[in-house]
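**Q** Structure file structure39.json (JSON, C-alpha atoms and all ligand atoms) right here:
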[["chain", "number", "residue", "atom", "x", "y", "z"],
["A", 1, "MET", "CA", -17.76, -13.64, 1.95],
["A", 2, "GLN", "CA", -14.24, -14.95, 1.38],
["A", 3, "GLN", "CA", -12.46, -16.41, 4.40],
["A", 4, "TYR", "CA", -9.74, -13.75, 4.35],
["A", 5, "GLN", "CA", -12.29, -10.92, 4.58],
["A", 6, "ASN", "CA", -13.13, -11.98, 8.14],
["A", 7, "TYR", "CA", -9.67, -13.28, 9.03],
["A", 8, "GLN", "CA", -8.90, -12.92, 12.72],
["A", 9, "ALA", "CA", -5.23, -12.56, 13.48],
["A", 10, "PRO", "CA", -3.73, -13.64, 16.79],
["A", 11, "ALA", "CA", -2.54, -10.61, 18.81],
["A", 12, "ASP", "CA", 1.10, -11.49, 18.15],
["A", 13, "ALA", "CA", 0.63, -12.45, 14.46],
["A", 14, "LEU", "CA", 3.33, -10.01, 13.30],
["A", 15, "ALA", "CA", 5.71, -10.16, 16.27],
["A", 16, "GLY", "CA", 9.34, -9.81, 15.19],
["A", 17, "LYS", "CA", 8.41, -8.61, 11.70],
["A", 18, "VAL", "CA", 9.61, -5.36, 10.13],
["A", 19, "ILE", "CA", 7.02, -3.87, 7.77],
["A", 20, "LEU", "CA", 7.24, -0.75, 5.59],
["A", 21, "VAL", "CA", 3.99, 1.04, 4.74],
["A", 22, "THR", "CA", 3.91, 3.78, 2.09],
["A", 23, "GLY", "CA", 1.40, 6.57, 2.55],
["A", 24, "ALA", "CA", 1.31, 5.73, 6.26],
["A", 25, "GLY", "CA", 0.19, 9.17, 7.40],
["A", 26, "ASP", "CA", -3.44, 9.06, 6.27],
["A", 27, "GLY", "CA", -6.35, 6.95, 5.09],
["A", 28, "ILE", "CA", -5.89, 3.21, 4.58],
["A", 29, "GLY", "CA", -2.09, 3.33, 5.01],
["A", 30, "ARG", "CA", -2.42, 4.98, 8.42],
["A", 31, "GLU", "CA", -4.86, 2.33, 9.59],
["A", 32, "ALA", "CA", -2.68, -0.48, 8.24],
["A", 33, "ALA", "CA", 0.41, 0.90, 10.01],
["A", 34, "LEU", "CA", -1.45, 1.10, 13.34],
["A", 35, "THR", "CA", -2.95, -2.37, 12.84],
["A", 36, "TYR", "CA", 0.41, -3.95, 12.02],
["A", 37, "ALA", "CA", 1.99, -2.29, 15.06],
["A", 38, "LYS", "CA", -0.85, -3.51, 17.29],
["A", 39, "HIS", "CA", -0.07, -7.04, 16.10],
["A", 40, "GLY", "CA", 3.56, -6.77, 17.10],
["A", 41, "ALA", "CA", 5.35, -5.47, 14.00],
["A", 42, "THR", "CA", 8.02, -2.80, 13.90],
["A", 43, "VAL", "CA", 6.51, -0.46, 11.31],
["A", 44, "ILE", "CA", 8.46, 1.87, 9.03],
["A", 45, "LEU", "CA", 6.22, 4.80, 8.17],
["A", 46, "LEU", "CA", 6.90, 6.33, 4.73],
["A", 47, "GLY", "CA", 5.02, 9.39, 3.51],
["A", 48, "ARG", "CA", 5.35, 12.94, 2.29],
["A", 49, "THR", "CA", 3.86, 14.88, 5.23],
["A", 50, "THR", "CA", 6.16, 14.56, 8.25],
["A", 51, "ALA", "CA", 3.61, 15.88, 10.76],
["A", 52, "LYS", "CA", 1.14, 13.13, 9.83],
["A", 53, "LEU", "CA", 3.84, 10.45, 10.13],
["A", 54, "GLU", "CA", 4.84, 11.84, 13.54],
["A", 55, "ALA", "CA", 1.23, 11.63, 14.72],
["A", 56, "VAL", "CA", 1.08, 7.93, 13.72],
["A", 57, "TYR", "CA", 4.47, 7.35, 15.36],
["A", 58, "ASP", "CA", 3.13, 8.88, 18.61],
["A", 59, "GLU", "CA", -0.03, 6.77, 18.46],
["A", 60, "ILE", "CA", 2.07, 3.62, 18.06],
["A", 61, "GLU", "CA", 4.16, 4.65, 21.06],
["A", 62, "GLN", "CA", 1.01, 5.21, 23.13],
["A", 63, "LEU", "CA", -0.19, 1.71, 22.20],
["A", 64, "GLY", "CA", 2.97, 0.29, 23.74],
["A", 65, "ALA", "CA", 3.76, -1.37, 20.38],
["A", 66, "PRO", "CA", 7.33, -1.72, 19.04],
["A", 67, "GLN", "CA", 8.88, 1.66, 18.31],
["A", 68, "ALA", "CA", 8.19, 2.77, 14.73],
["A", 69, "ALA", "CA", 10.57, 4.46, 12.28],
["A", 70, "ILE", "CA", 9.78, 7.40, 10.00],
["A", 71, "ILE", "CA", 10.91, 7.97, 6.40],
["A", 72, "PRO", "CA", 9.69, 11.35, 5.13],
["A", 73, "LEU", "CA", 9.85, 11.05, 1.35],
["A", 74, "ASP", "CA", 7.88, 12.53, -1.53],
["A", 75, "MET", "CA", 7.54, 9.85, -4.20],
["A", 76, "LYS", "CA", 6.94, 12.60, -6.74],
["A", 77, "GLY", "CA", 10.57, 13.73, -6.67],
["A", 78, "ALA", "CA", 12.49, 10.81, -5.18],
["A", 79, "THR", "CA", 15.05, 9.12, -7.42],
["A", 80, "GLU", "CA", 16.56, 5.63, -7.45],
["A", 81, "SER", "CA", 19.43, 6.84, -5.27],
["A", 82, "HIS", "CA", 16.97, 7.97, -2.55],
["A", 83, "TYR", "CA", 15.43, 4.50, -2.55],
["A", 84, "ARG", "CA", 18.84, 2.83, -2.53],
["A", 85, "ASP", "CA", 19.86, 4.93, 0.50],
["A", 86, "MET", "CA", 16.59, 4.07, 2.21],
["A", 87, "ALA", "CA", 17.14, 0.35, 1.58],
["A", 88, "ALA", "CA", 20.71, 0.57, 2.91],
["A", 89, "THR", "CA", 19.46, 2.22, 6.11],
["A", 90, "ILE", "CA", 16.83, -0.49, 6.57],
["A", 91, "MET", "CA", 19.45, -3.21, 6.08],
["A", 92, "ASP", "CA", 21.79, -1.48, 8.57],
["A", 93, "GLN", "CA", 19.08, -1.07, 11.21],
["A", 94, "PHE", "CA", 17.04, -4.24, 10.80],
["A", 95, "GLY", "CA", 18.96, -6.61, 8.50],
["A", 96, "LYS", "CA", 15.75, -7.61, 6.68],
["A", 97, "LEU", "CA", 12.29, -6.48, 5.61],
["A", 98, "ASP", "CA", 9.38, -8.90, 6.20],
["A", 99, "GLY", "CA", 6.64, -6.83, 4.64],
["A", 100, "LEU", "CA", 6.13, -4.05, 2.12],
["A", 101, "LEU", "CA", 2.69, -2.45, 1.74],
["A", 102, "LEU", "CA", 2.71, -0.28, -1.39],
["A", 103, "ASN", "CA", -0.31, 1.81, -0.50],
["A", 104, "ALA", "CA", 0.46, 5.46, -1.38],
["A", 105, "SER", "CA", -0.94, 6.74, -4.63],
["A", 106, "VAL", "CA", -2.63, 9.77, -6.12],
["A", 107, "LEU", "CA", -5.93, 10.18, -7.94],
["A", 108, "GLY", "CA", -4.83, 12.93, -10.33],
["A", 109, "VAL", "CA", -7.53, 14.64, -12.37],
["A", 110, "LEU", "CA", -10.62, 12.75, -13.49],
["A", 111, "SER", "CA", -11.54, 13.96, -16.98],
["A", 112, "PRO", "CA", -12.66, 12.83, -20.41],
["A", 113, "PHE", "CA", -9.83, 11.10, -22.31],
["A", 114, "GLY", "CA", -9.60, 13.95, -24.82],
["A", 115, "HIS", "CA", -8.88, 16.39, -21.98],
["A", 116, "ILE", "CA", -6.07, 14.44, -20.33],
["A", 117, "ASN", "CA", -3.25, 16.84, -19.45],
["A", 118, "LEU", "CA", 0.18, 15.34, -20.16],
["A", 119, "ASP", "CA", 1.89, 16.75, -17.04],
["A", 120, "SER", "CA", -0.84, 15.45, -14.80],
["A", 121, "PHE", "CA", -0.83, 12.06, -16.58],
["A", 122, "GLN", "CA", 2.92, 11.72, -16.15],
["A", 123, "GLU", "CA", 2.77, 12.70, -12.48],
["A", 124, "VAL", "CA", 0.14, 10.04, -11.72],
["A", 125, "MET", "CA", 2.08, 7.40, -13.66],
["A", 126, "HIS", "CA", 5.29, 8.38, -11.90],
["A", 127, "ILE", "CA", 3.89, 8.20, -8.35],
["A", 128, "ASN", "CA", 1.55, 5.24, -8.88],
["A", 129, "VAL", "CA", 3.77, 3.09, -11.11],
["A", 130, "THR", "CA", 7.40, 4.17, -11.56],
["A", 131, "ALA", "CA", 8.00, 5.05, -7.91],
["A", 132, "GLN", "CA", 6.42, 1.76, -6.76],
["A", 133, "MET", "CA", 8.78, -0.12, -9.07],
["A", 134, "MET", "CA", 11.80, 1.82, -7.77],
["A", 135, "ILE", "CA", 10.89, 1.25, -4.10],
["A", 136, "THR", "CA", 10.30, -2.46, -4.65],
["A", 137, "LYS", "CA", 13.46, -2.92, -6.71],
["A", 138, "ALA", "CA", 15.60, -1.21, -4.07],
["A", 139, "LEU", "CA", 14.09, -3.29, -1.29],
["A", 140, "LEU", "CA", 14.41, -6.71, -2.96],
["A", 141, "PRO", "CA", 17.65, -7.62, -1.10],
["A", 142, "ALA", "CA", 16.06, -6.72, 2.27],
["A", 143, "LEU", "CA", 12.87, -8.64, 1.37],
["A", 144, "ASN", "CA", 14.92, -11.65, 0.33],
["A", 145, "ALA", "CA", 16.86, -11.52, 3.60],
["A", 146, "ALA", "CA", 13.63, -12.23, 5.54],
["A", 147, "PRO", "CA", 12.55, -15.84, 6.09],
["A", 148, "ALA", "CA", 9.12, -15.30, 4.43],
["A", 149, "SER", "CA", 8.40, -11.83, 3.07],
["A", 150, "SER", "CA", 5.18, -10.31, 1.73],
["A", 151, "VAL", "CA", 4.82, -7.56, -0.87],
["A", 152, "ILE", "CA", 1.35, -6.08, -1.25],
["A", 153, "PHE", "CA", 0.46, -3.73, -4.10],
["A", 154, "THR", "CA", -2.70, -1.61, -4.01],
["A", 155, "SER", "CA", -5.03, -1.61, -6.97],
["A", 156, "SER", "CA", -8.63, -0.54, -7.54],
["A", 157, "GLY", "CA", -11.79, -1.72, -9.26],
["A", 158, "VAL", "CA", -10.81, 0.55, -12.17],
["A", 159, "GLY", "CA", -7.49, -1.30, -12.40],
["A", 160, "ARG", "CA", -9.34, -4.43, -13.48],
["A", 161, "LYS", "CA", -12.08, -2.95, -15.68],
["A", 162, "GLY", "CA", -11.60, 0.43, -17.31],
["A", 163, "ARG", "CA", -14.12, 3.16, -16.58],
["A", 164, "ALA", "CA", -14.91, 6.38, -18.46],
["A", 165, "HIS", "CA", -13.12, 9.49, -17.17],
["A", 166, "TRP", "CA", -10.79, 7.63, -14.80],
["A", 167, "GLY", "CA", -7.85, 8.16, -17.20],
["A", 168, "ALA", "CA", -4.38, 8.10, -15.70],
["A", 169, "TYR", "CA", -5.49, 6.68, -12.34],
["A", 170, "ALA", "CA", -7.20, 3.64, -13.92],
["A", 171, "ILE", "CA", -4.32, 3.12, -16.34],
["A", 172, "SER", "CA", -1.83, 3.28, -13.46],
["A", 173, "LYS", "CA", -3.78, 0.66, -11.51],
["A", 174, "PHE", "CA", -3.81, -1.73, -14.51],
["A", 175, "ALA", "CA", -0.03, -1.27, -14.57],
["A", 176, "THR", "CA", 0.09, -2.01, -10.85],
["A", 177, "GLU", "CA", -1.74, -5.31, -11.35],
["A", 178, "GLY", "CA", 0.71, -6.14, -14.16],
["A", 179, "MET", "CA", 3.78, -5.23, -12.12],
["A", 180, "ALA", "CA", 2.62, -7.47, -9.28],
["A", 181, "GLN", "CA", 2.06, -10.38, -11.70],
["A", 182, "VAL", "CA", 5.52, -9.98, -13.25],
["A", 183, "LEU", "CA", 7.20, -9.89, -9.84],
["A", 184, "ALA", "CA", 5.13, -12.76, -8.42],
["A", 185, "ASP", "CA", 5.98, -14.97, -11.40],
["A", 186, "GLU", "CA", 9.66, -14.11, -11.19],
["A", 187, "TYR", "CA", 9.86, -14.94, -7.47],
["A", 188, "GLU", "CA", 7.41, -17.86, -7.48],
["A", 189, "SER", "CA", 9.90, -20.35, -6.11],
["A", 190, "SER", "CA", 11.39, -17.96, -3.56],
["A", 191, "SER", "CA", 10.30, -17.15, 0.00],
["A", 192, "MET", "CA", 8.89, -13.78, -1.14],
["A", 193, "ARG", "CA", 5.21, -13.59, -2.04],
["A", 194, "VAL", "CA", 3.53, -10.81, -4.03],
["A", 195, "ASN", "CA", -0.17, -10.03, -3.98],
["A", 196, "VAL", "CA", -2.57, -7.19, -4.76],
["A", 197, "ILE", "CA", -5.37, -5.68, -2.70],
["A", 198, "ASN", "CA", -8.34, -3.82, -4.13],
["A", 199, "PRO", "CA", -9.63, -1.92, -1.07],
["A", 200, "GLY", "CA", -13.05, -1.11, -2.61],
["A", 201, "ALA", "CA", -14.92, 2.13, -1.84],
["A", 202, "THR", "CA", -13.51, 3.37, 1.49],
["A", 203, "ARG", "CA", -14.05, 6.49, 3.59],
["A", 204, "THR", "CA", -10.83, 8.48, 2.96],
["A", 205, "LYS", "CA", -9.74, 11.80, 1.49],
["A", 206, "MET", "CA", -9.04, 10.19, -1.89],
["A", 207, "ARG", "CA", -12.56, 8.79, -2.08],
["A", 208, "SER", "CA", -14.16, 12.13, -1.17],
["A", 209, "LYS", "CA", -12.05, 13.84, -3.83],
["A", 210, "ALA", "CA", -13.38, 11.38, -6.45],
["A", 211, "TYR", "CA", -16.99, 11.51, -5.18],
["A", 212, "PRO", "CA", -17.45, 14.90, -3.43],
["A", 213, "ALA", "CA", -21.26, 14.70, -3.32],
["A", 214, "GLU", "CA", -21.46, 11.21, -1.83],
["A", 215, "ASP", "CA", -22.74, 10.46, 1.69],
["A", 216, "SER", "CA", -19.49, 9.07, 3.07],
["A", 217, "SER", "CA", -21.12, 7.72, 6.23],
["A", 218, "ARG", "CA", -22.39, 4.79, 4.13],
["A", 219, "LEU", "CA", -18.86, 3.75, 3.14],
["A", 220, "LYS", "CA", -16.66, 1.17, 4.82],
["A", 221, "THR", "CA", -13.88, 2.63, 6.95],
["A", 222, "PRO", "CA", -10.19, 1.72, 6.61],
["A", 223, "ALA", "CA", -10.56, -0.33, 9.82],
["A", 224, "ASP", "CA", -13.19, -2.52, 8.11],
["A", 225, "LEU", "CA", -10.60, -3.62, 5.52],
["A", 226, "MET", "CA", -7.93, -4.74, 7.94],
["A", 227, "PRO", "CA", -8.68, -8.50, 8.03],
["A", 228, "LEU", "CA", -7.29, -8.89, 4.48],
["A", 229, "TYR", "CA", -4.37, -6.51, 5.16],
["A", 230, "LEU", "CA", -3.46, -8.63, 8.19],
["A", 231, "PHE", "CA", -3.96, -11.95, 6.44],
["A", 232, "LEU", "CA", -1.62, -11.09, 3.56],
["A", 233, "MET", "CA", 1.07, -9.83, 5.97],
["A", 234, "SER", "CA", 0.85, -12.77, 8.38],
["A", 235, "ASP", "CA", 2.50, -16.15, 7.92],
["A", 236, "ASP", "CA", -0.98, -17.64, 7.38],
["A", 237, "SER", "CA", -0.69, -16.44, 3.75],
["A", 238, "LYS", "CA", 2.90, -17.51, 3.20],
["A", 239, "ASP", "CA", 2.04, -19.95, 0.42],
["A", 240, "ILE", "CA", -0.15, -17.49, -1.48],
["A", 241, "THR", "CA", 1.39, -15.46, -4.31],
["A", 242, "GLY", "CA", 0.27, -13.85, -7.55],
["A", 243, "GLY", "CA", -3.26, -13.17, -6.28],
["A", 244, "SER", "CA", -5.46, -10.09, -6.53],
["A", 245, "PHE", "CA", -7.89, -9.83, -3.63],
["A", 246, "ASP", "CA", -10.90, -7.68, -2.69],
["A", 247, "ALA", "CA", -10.81, -6.31, 0.86],
["A", 248, "GLN", "CA", -14.61, -5.94, 0.88],
["A", 249, "ALA", "CA", -17.29, -8.50, 0.18],
["A", 250, "SER", "CA", -19.09, -7.64, -3.07],
["A", 301, "LIG", "P1", -5.49, 8.88, 0.80],
["A", 301, "LIG", "O1", -5.39, 9.93, -0.23],
["A", 301, "LIG", "O2", -6.41, 9.04, 1.94],
["A", 301, "LIG", "O3", -4.03, 8.55, 1.38],
["A", 301, "LIG", "C1", -2.95, 8.37, 0.51],
["A", 301, "LIG", "C2", -1.68, 8.41, 1.28],
["A", 301, "LIG", "O4", -0.59, 8.37, 0.33],
["A", 301, "LIG", "C3", -1.51, 9.71, 2.07],
["A", 301, "LIG", "O5", -0.91, 9.43, 3.31],
["A", 301, "LIG", "C4", -0.60, 10.52, 1.17],
["A", 301, "LIG", "O6", 0.21, 11.45, 1.87],
["A", 301, "LIG", "C5", 0.28, 9.45, 0.57],
["A", 301, "LIG", "N1", 0.90, 9.95, -0.65],
["A", 301, "LIG", "C6", 0.28, 10.45, -1.75],
["A", 301, "LIG", "N2", 1.18, 10.90, -2.63],
["A", 301, "LIG", "C7", 2.41, 10.67, -2.09],
["A", 301, "LIG", "C8", 3.72, 10.94, -2.52],
["A", 301, "LIG", "N3", 3.96, 11.59, -3.66],
["A", 301, "LIG", "N4", 4.75, 10.56, -1.73],
["A", 301, "LIG", "C9", 4.52, 9.95, -0.54],
["A", 301, "LIG", "N5", 3.27, 9.69, -0.08],
["A", 301, "LIG", "C10", 2.22, 10.05, -0.84],
["A", 301, "LIG", "O7", -5.83, 7.55, -0.03],
["A", 301, "LIG", "P2", -6.54, 6.19, 0.41],
["A", 301, "LIG", "O8", -6.14, 5.83, 1.78],
["A", 301, "LIG", "O9", -7.95, 6.28, 0.04],
["A", 301, "LIG", "O10", -5.87, 5.19, -0.65],
["A", 301, "LIG", "C11", -4.87, 4.25, -0.32],
["A", 301, "LIG", "C12", -4.69, 3.33, -1.52],
["A", 301, "LIG", "O11", -5.92, 2.64, -1.78],
["A", 301, "LIG", "C13", -4.34, 4.06, -2.81],
["A", 301, "LIG", "O12", -3.41, 3.28, -3.55],
["A", 301, "LIG", "C14", -5.66, 4.12, -3.55],
["A", 301, "LIG", "O13", -5.48, 4.18, -4.95],
["A", 301, "LIG", "C15", -6.30, 2.81, -3.13],
["A", 301, "LIG", "N6", -7.75, 2.77, -3.25],
["A", 301, "LIG", "C16", -8.53, 3.55, -2.43],
["A", 301, "LIG", "C17", -9.92, 3.48, -2.54],
["A", 301, "LIG", "C18", -10.82, 4.31, -1.68],
["A", 301, "LIG", "O14", -12.05, 4.25, -1.87],
["A", 301, "LIG", "N7", -10.31, 5.07, -0.72],
["A", 301, "LIG", "C19", -10.58, 2.58, -3.52],
["A", 301, "LIG", "C20", -9.65, 1.82, -4.33],
["A", 301, "LIG", "C21", -8.29, 1.92, -4.19],
["A", 301, "LIG", "P3", -0.43, 12.82, 2.48],
["A", 301, "LIG", "O15", -1.19, 12.39, 3.67],
["A", 301, "LIG", "O16", 0.75, 13.62, 2.80],
["A", 301, "LIG", "O17", -1.30, 13.39, 1.42]]
As structure tokens - that is how I would like this structure written.

**A**
Amino acid sequence: MQQYQNYQAPADALAGKVILVTGAGDGIGREAALTYAKHGATVILLGRTTAKLEAVYDEIEQLGAPQAAIIPLDMKGATESHYRDMAATIMDQFGKLDGLLLNASVLGVLSPFGHINLDSFQEVMHINVTAQMMITKALLPALNAAPASSVIFTSSGVGRKGRAHWGAYAISKFATEGMAQVLADEYESSSMRVNVINPGATRTKMRSKAYPAEDSSRLKTPADLMPLYLFLMSDDSKDITGGSFDAQAS
């Protein structure tokens, strides 16, 4: 097992940090938002279902963690100007962004290549690739205003080795790995680091959509992945950039 897969963060590892999590209302993003808050961060919860974000906000309040912020936004329809407005609000309120977890994505339709539907392909590529680029681009000034910022993209096993029938989703995750490499190389000598996490098979709604017949009780939970999510957000990883990491031991 790699050291970062059993990383233990001090309780105040993220104190004073402002961290934005996309897809914070459910699954891995929800767990990451709660975990970051528990470790002292002010978390900005971005997602498309306001009720889910409000539930996470309330849970953070009950923990006695720093008050969270909510950005209800559907990455399917949002344009560059939405992301620019969001970045301006973050700069006004916080003056910096220490962490960006690009977690939200969609599975789309799994099908043989010859059956790929163009609308569905474009929707997956838009949410999983184009929107991630737009969010990151808009937030670069806020990330560069922090003393040591961390950008984490979310990939998948099928973003490193193609697999039959995984079509747009797999292609979008290869693009995600590429986007992270481009950005990491460009900012190599800056205080902003850029890395990728492959969560591995995890008990969430996305996983059960991809594998409806599977016994999900055998899968890792989002909580099991958090050592790596914490490590890459904490200052203990501040010299690490351009990496692609597995959250689970293989
Ligand atoms: P879930 O489907 O459980 O959660 C995804 C989250 O993203 C939800 O909160 C969802 O919002 C949000 N989201 C989806 N589309 C949009 C959109 N258009 N605008 C804003 N928010 C959106 O997925 P997981 O937690 O399983 O996955 C998290 C990440 O991990 C993804 O990038 C996924 O590809 C990756 N991954 C997951 C694996 C697994 O086994 N679970 C394996 C490998 C990679 P809402 O709640 O409203 O639907």

**Q** Record the distance separating CA of Ala24 in chain A and CA of Leu100 in chain A, expressed in Å with one decimal.

**A** 11.7 Å

**Q** List the spatial neighbours of range 61-73 of chain A as a count of residues only - criterion: any atom at most 7 Å away, all atoms listed in the file, same-chain residues fewer than 3 positions off excluded.

**A** 16

**Q** Which residues are close to Glu214 in chain A, i.e. within 12 Å by all atoms listed in the file, leaving aside same-chain residues fewer than 5 positions away? Reply as a PDB file with C-alpha atoms, in the frame of the given file.

**A**
ATOM      1  CA  ALA A 201     -14.920   2.130  -1.840  1.00  0.00           C
ATOM      2  CA  THR A 202     -13.510   3.370   1.490  1.00  0.00           C
ATOM      3  CA  ARG A 203     -14.050   6.490   3.590  1.00  0.00           C
ATOM      4  CA  THR A 204     -10.830   8.480   2.960  1.00  0.00           C
ATOM      5  CA  ARG A 207     -12.560   8.790  -2.080  1.00  0.00           C
ATOM      6  CA  SER A 208     -14.160  12.130  -1.170  1.00  0.00           C
ATOM      7  CA  LYS A 209     -12.050  13.840  -3.830  1.00  0.00           C
ATOM      8  CA  LEU A 219     -18.860   3.750   3.140  1.00  0.00           C
TER       9      LEU A 219
END

**Q** Please, which residues have at least one atom within 7 Å of an atom of ligand LIG 301 (chain A), using all atoms listed in the file, listed as a PyMOL selection string?

**A** chain A and resi 22-30+46-49+52+73-76+103-107+127+154-157+198-207

**Q** Just the number, please: distance in Å from CA of Glu59 in chain A to CA of Val18 in chain A, one decimal.

**A**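 Value for the CA of Glu59 in chain A-CA of Val18 in chain A distance: 17.6 Å.
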
**Q** Quick one: distance from CA of Thr89 in chain A to CA of Lys137 in chain A in Å, one decimal?

**A**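 Computing it gives 15.1 Å between the two atoms.
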